[in-house]
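A.B. asks: A single structure is presented below for examination.
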Amino acid sequence: MSRQALGKGLDALIKQTQEVVQMTTQEAAQAVEPTGASVTRIAVDRIVPNRFQPRRVFDESKLQELSQSIKEHGLTQPIVVVYDAGLDKYEIVVGERRFRATQLAGLKEIDAIVHKHLGDKEMCALALIENIQREDLNPIETALGYRNLMSKFYITQTDLASYCGKSKAAISNALRLLDLEPEIQQALQDGMISEGHGRALLMVTDSAKRDGLFKKMYGSKMSVRQAEDAARALMFPSKKSEKESKPAEVASFENELQTALGTKVEVKYGKNMRKGTLVIHYHSLDELDNIASRLKNKML
């Protein structure tokens, strides 16, 4: 399905909102007048969080820092809200972190851009894209946001990648993290392991072996590369002795390429090492697409 599935005018809405949230309040007031929105001061107690907020974890120390800055210098950029007549409240579209910091600062009012008409889909899209572009989300929040947006708009990973400014492989890799067990997903949300560690765990298809590697990873300072090596050792134990018998330069080449591509790589050759075969393994179409993207990026 084409990008038009996102709805007529959403391109312009996203672009306009992204530009406005970087402006000062005075600049924003001039920019939004022709678009059916306005900038005004709203009582903090009349504002409610975004129902579609993809971020689930707010760093309290960073909120305190922002709150202190707002106390000293004021809020330099307005938040974006939409009026909900049923609740007689304003719902946040973009800027919940700034709103929370304003609350902590004890201020009673906040500058806000008020959109007159925004549907649920537009609110979901704007909230997700703003957070992704600011890199404020943890890997699981990002993946859940992608999935939510795809299900609401009935769009492909390619379309979503275009809107979010990401590669299709990045979208695919993020979504695959949702296949991990809840305990592992929680560790990703808490920052106890990285997204790279999560992708290494996805290489292990046996749930018991994956759980064992996760516990080993969780309780040590295992690097992503070490995690990938451990995952390959679990998946291909019979190849270990063959690997060790290869010349050091061949084994080193295989390891480097495996790290670069995120999958098992084998160099096969006969007595004459000048000719042979390079084998790149994959276990799903998504993984094949990811490998192809990495190879293309290396060649460009």
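Chain lettering (A, B, ...) mirrors the order of the structure tokens, residue numbering begins at 1 for each chain separately, and ligand numbering begins at 1 in order of display.
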Hey, could you make a per-residue contact list for stretch 141-213 of chain A against stretch 220-240 of chain A with 12 Å as the cut-off, showing the nearest pair of atoms and its distance in Å to one decimal, counting only C-alpha atoms, sorted by chain and number, as JSON lines?

C.D. replies:
```
{"residue": "A:Met192", "atom": "CA", "partner": "A:Lys221", "partner_atom": "CA", "distance": 10.1}
{"residue": "A:Ile193", "atom": "CA", "partner": "A:Val224", "partner_atom": "CA", "distance": 9.2}
{"residue": "A:Ser194", "atom": "CA", "partner": "A:Val224", "partner_atom": "CA", "distance": 8.0}
{"residue": "A:Glu195", "atom": "CA", "partner": "A:Val224", "partner_atom": "CA", "distance": 9.0}
{"residue": "A:Gly196", "atom": "CA", "partner": "A:Val224", "partner_atom": "CA", "distance": 5.8}
{"residue": "A:His197", "atom": "CA", "partner": "A:Val224", "partner_atom": "CA", "distance": 5.3}
{"residue": "A:Gly198", "atom": "CA", "partner": "A:Val224", "partner_atom": "CA", "distance": 9.0}
{"residue": "A:Arg199", "atom": "CA", "partner": "A:Glu228", "partner_atom": "CA", "distance": 8.4}
{"residue": "A:Ala200", "atom": "CA", "partner": "A:Glu228", "partner_atom": "CA", "distance": 5.0}
{"residue": "A:Leu201", "atom": "CA", "partner": "A:Ala231", "partner_atom": "CA", "distance": 6.6}
{"residue": "A:Leu202", "atom": "CA", "partner": "A:Ala231", "partner_atom": "CA", "distance": 8.6}
{"residue": "A:Met203", "atom": "CA", "partner": "A:Ala231", "partner_atom": "CA", "distance": 6.3}
{"residue": "A:Val204", "atom": "CA", "partner": "A:Ala231", "partner_atom": "CA", "distance": 5.9}
{"residue": "A:Thr205", "atom": "CA", "partner": "A:Met235", "partner_atom": "CA", "distance": 7.9}
{"residue": "A:Asp206", "atom": "CA", "partner": "A:Met235", "partner_atom": "CA", "distance": 8.5}
{"residue": "A:Ser207", "atom": "CA", "partner": "A:Leu234", "partner_atom": "CA", "distance": 11.6}
{"residue": "A:Ala208", "atom": "CA", "partner": "A:Leu234", "partner_atom": "CA", "distance": 11.0}
{"residue": "A:Lys209", "atom": "CA", "partner": "A:Leu234", "partner_atom": "CA", "distance": 7.3}
{"residue": "A:Arg210", "atom": "CA", "partner": "A:Ala231", "partner_atom": "CA", "distance": 8.1}
{"residue": "A:Asp211", "atom": "CA", "partner": "A:Ala231", "partner_atom": "CA", "distance": 11.2}
{"residue": "A:Gly212", "atom": "CA", "partner": "A:Leu234", "partner_atom": "CA", "distance": 10.2}
{"residue": "A:Leu213", "atom": "CA", "partner": "A:Ala231", "partner_atom": "CA", "distance": 7.5}
```

A.B. asks: Would you give me, as a ChimeraX atom specification, the residues in stretch 173-269 of chain A that DSSP reads as alpha helix (DSSP H)?

C.D. replies: /A:173-176,182-189,195-202,207-218,224-235,240-245,248-261

A.B. asks: Give me the residues within 10 Å of A:Leu66 as a PyMOL selection string, counting only C-alpha atoms and dropping any in the same chain fewer than 5 places off.

C.D. replies: chain A and resi 60-61+71-72+75+97-98+100-102+104-105

A.B. asks: Could you tell me how far atom CA of A:Leu257 sits from atom CA of A:Gln185, in Å to one decimal place?

C.D. replies: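 Going from atom CA of A:Gln185 over to atom CA of A:Leu257, I get 27.4 Å.
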
A.B. asks: What residues in stretch 151-276 of chain A get the DSSP label strand (DSSP E)? Please answer as a PDB file with C-alpha atoms, in the first residue's frame.

C.D. replies:
```
ATOM      1  CA  VAL A 265      29.387 -16.517   7.509  1.00  0.00           C
ATOM      2  CA  GLU A 266      31.566 -19.350   6.197  1.00  0.00           C
ATOM      3  CA  VAL A 267      34.550 -19.351   3.846  1.00  0.00           C
ATOM      4  CA  LYS A 268      34.856 -22.708   2.092  1.00  0.00           C
ATOM      5  CA  TYR A 269      37.897 -23.586  -0.009  1.00  0.00           C
ATOM      6  CA  GLY A 276      36.408 -20.963  -2.838  1.00  0.00           C
TER       7      GLY A 276
END
```

A.B. asks: Taking only C-alpha atoms into account, which of A:Glu96, A:Glu287, A:Asp190, A:Glu249 comes nearest A:Ala112?

C.D. replies: A:Glu96

A.B. asks: Point out the residue among A:Ile110, A:Leu288, A:Ala174, A:Ile47 with the least atom-to-atom distance to A:Glu141, counting only C-alpha atoms.

C.D. replies: A:Ala174

A.B. asks: Restricting the calculation to only C-alpha atoms: of A:Val80, A:Leu295, A:Ile92, A:Leu175, which residue gets closest to A:Asn50?

C.D. replies: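 With only C-alpha atoms as the atom set, the closest residue is A:Ile92.
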
A.B. asks: Using Å and a single decimal, report how far atom CA of A:Ala43 sits from atom CA of A:Leu63.

C.D. replies: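 Those two atoms sit 19.7 Å apart.
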
A.B. asks: Which residues are close to A:Val48, i.e. within 12 Å by only C-alpha atoms, leaving aside same-chain residues fewer than 3 positions away? Reply as a PyMOL selection string.

C.D. replies: chain A and resi 42-45+51-53+80-84+87-96+99-100+103

A.B. asks: Go ahead and save the residues from that selection, with N, CA, C and O atoms, as an mmCIF file, in the first residue's frame.

C.D. replies:
```cif
data_model
loop_
_atom_site.group_PDB
_atom_site.id
_atom_site.type_symbol
_atom_site.label_atom_id
_atom_site.label_comp_id
_atom_site.auth_asym_id
_atom_site.auth_seq_id
_atom_site.Cartn_x
_atom_site.Cartn_y
_atom_site.Cartn_z
ATOM 1 N N ILE A 42 -2.199 27.987 28.317
ATOM 2 C CA ILE A 42 -3.250 27.112 28.836
ATOM 3 C C ILE A 42 -2.900 26.710 30.258
ATOM 4 O O ILE A 42 -1.727 26.439 30.569
ATOM 5 N N ALA A 43 -3.888 26.656 31.124
ATOM 6 C CA ALA A 43 -3.682 26.206 32.497
ATOM 7 C C ALA A 43 -3.198 24.757 32.481
ATOM 8 O O ALA A 43 -3.761 23.907 31.782
ATOM 9 N N VAL A 44 -2.152 24.478 33.254
ATOM 10 C CA VAL A 44 -1.561 23.139 33.279
ATOM 11 C C VAL A 44 -2.572 22.083 33.704
ATOM 12 O O VAL A 44 -2.569 20.956 33.188
ATOM 13 N N ASP A 45 -3.488 22.452 34.615
ATOM 14 C CA ASP A 45 -4.454 21.458 35.103
ATOM 15 C C ASP A 45 -5.561 21.162 34.094
ATOM 16 O O ASP A 45 -6.428 20.331 34.347
ATOM 17 N N ARG A 51 -2.943 9.882 24.695
ATOM 18 C CA ARG A 51 -3.329 8.456 24.822
ATOM 19 C C ARG A 51 -2.394 7.550 24.032
ATOM 20 O O ARG A 51 -2.268 6.358 24.323
ATOM 21 N N PHE A 52 -1.749 8.112 23.015
ATOM 22 C CA PHE A 52 -0.903 7.312 22.127
ATOM 23 C C PHE A 52 0.581 7.542 22.380
ATOM 24 O O PHE A 52 1.409 7.199 21.546
ATOM 25 N N GLN A 53 0.905 8.117 23.524
ATOM 26 C CA GLN A 53 2.310 8.380 23.852
ATOM 27 C C GLN A 53 3.097 7.075 23.823
ATOM 28 O O GLN A 53 2.823 6.151 24.598
ATOM 29 N N VAL A 80 2.401 20.982 21.757
ATOM 30 C CA VAL A 80 1.315 20.918 20.779
ATOM 31 C C VAL A 80 0.172 20.121 21.390
ATOM 32 O O VAL A 80 0.380 19.014 21.910
ATOM 33 N N VAL A 81 -1.046 20.682 21.355
ATOM 34 C CA VAL A 81 -2.209 20.026 21.953
ATOM 35 C C VAL A 81 -3.389 20.083 20.996
ATOM 36 O O VAL A 81 -3.378 20.817 20.003
ATOM 37 N N VAL A 82 -4.415 19.303 21.318
ATOM 38 C CA VAL A 82 -5.687 19.361 20.592
ATOM 39 C C VAL A 82 -6.800 19.409 21.629
ATOM 40 O O VAL A 82 -6.705 18.757 22.686
ATOM 41 N N TYR A 83 -7.842 20.182 21.359
ATOM 42 C CA TYR A 83 -8.933 20.327 22.324
ATOM 43 C C TYR A 83 -9.890 19.151 22.232
ATOM 44 O O TYR A 83 -10.332 18.762 21.155
ATOM 45 N N ASP A 84 -10.218 18.561 23.390
ATOM 46 C CA ASP A 84 -11.184 17.468 23.487
ATOM 47 C C ASP A 84 -12.443 18.024 24.126
ATOM 48 O O ASP A 84 -12.494 18.257 25.338
ATOM 49 N N LEU A 87 -14.110 15.972 27.086
ATOM 50 C CA LEU A 87 -13.462 16.088 28.397
ATOM 51 C C LEU A 87 -13.336 17.534 28.849
ATOM 52 O O LEU A 87 -13.069 17.786 30.023
ATOM 53 N N ASP A 88 -13.520 18.458 27.900
ATOM 54 C CA ASP A 88 -13.242 19.878 28.141
ATOM 55 C C ASP A 88 -11.803 20.034 28.636
ATOM 56 O O ASP A 88 -11.519 20.769 29.583
ATOM 57 N N LYS A 89 -10.920 19.284 27.975
ATOM 58 C CA LYS A 89 -9.489 19.316 28.298
ATOM 59 C C LYS A 89 -8.690 19.417 27.001
ATOM 60 O O LYS A 89 -9.214 19.206 25.909
ATOM 61 N N TYR A 90 -7.410 19.714 27.135
ATOM 62 C CA TYR A 90 -6.500 19.728 25.996
ATOM 63 C C TYR A 90 -5.597 18.504 26.097
ATOM 64 O O TYR A 90 -4.952 18.290 27.118
ATOM 65 N N GLU A 91 -5.562 17.714 25.041
ATOM 66 C CA GLU A 91 -4.730 16.509 25.036
ATOM 67 C C GLU A 91 -3.420 16.792 24.323
ATOM 68 O O GLU A 91 -3.392 17.386 23.248
ATOM 69 N N ILE A 92 -2.318 16.356 24.936
ATOM 70 C CA ILE A 92 -0.993 16.596 24.371
ATOM 71 C C ILE A 92 -0.792 15.761 23.102
ATOM 72 O O ILE A 92 -1.090 14.577 23.076
ATOM 73 N N VAL A 93 -0.283 16.420 22.068
ATOM 74 C CA VAL A 93 0.106 15.726 20.845
ATOM 75 C C VAL A 93 1.621 15.560 20.829
ATOM 76 O O VAL A 93 2.148 14.470 20.614
ATOM 77 N N VAL A 94 2.338 16.640 21.065
ATOM 78 C CA VAL A 94 3.804 16.649 21.090
ATOM 79 C C VAL A 94 4.266 17.494 22.280
ATOM 80 O O VAL A 94 3.753 18.588 22.505
ATOM 81 N N GLY A 95 5.231 16.959 23.047
ATOM 82 C CA GLY A 95 5.830 17.758 24.119
ATOM 83 C C GLY A 95 5.483 17.327 25.527
ATOM 84 O O GLY A 95 5.520 18.140 26.453
ATOM 85 N N GLU A 96 5.181 16.038 25.736
ATOM 86 C CA GLU A 96 4.790 15.602 27.088
ATOM 87 C C GLU A 96 5.930 15.769 28.095
ATOM 88 O O GLU A 96 5.691 16.086 29.260
ATOM 89 N N PHE A 99 5.873 19.262 29.195
ATOM 90 C CA PHE A 99 4.708 19.462 30.052
ATOM 91 C C PHE A 99 4.980 18.955 31.470
ATOM 92 O O PHE A 99 4.700 19.641 32.453
ATOM 93 N N ARG A 100 5.557 17.755 31.582
ATOM 94 C CA ARG A 100 5.847 17.188 32.901
ATOM 95 C C ARG A 100 6.869 18.043 33.656
ATOM 96 O O ARG A 100 6.753 18.228 34.871
ATOM 97 N N GLN A 103 5.178 21.064 35.041
ATOM 98 C CA GLN A 103 4.466 20.709 36.272
ATOM 99 C C GLN A 103 5.422 20.676 37.455
ATOM 100 O O GLN A 103 5.122 21.210 38.528
#
```
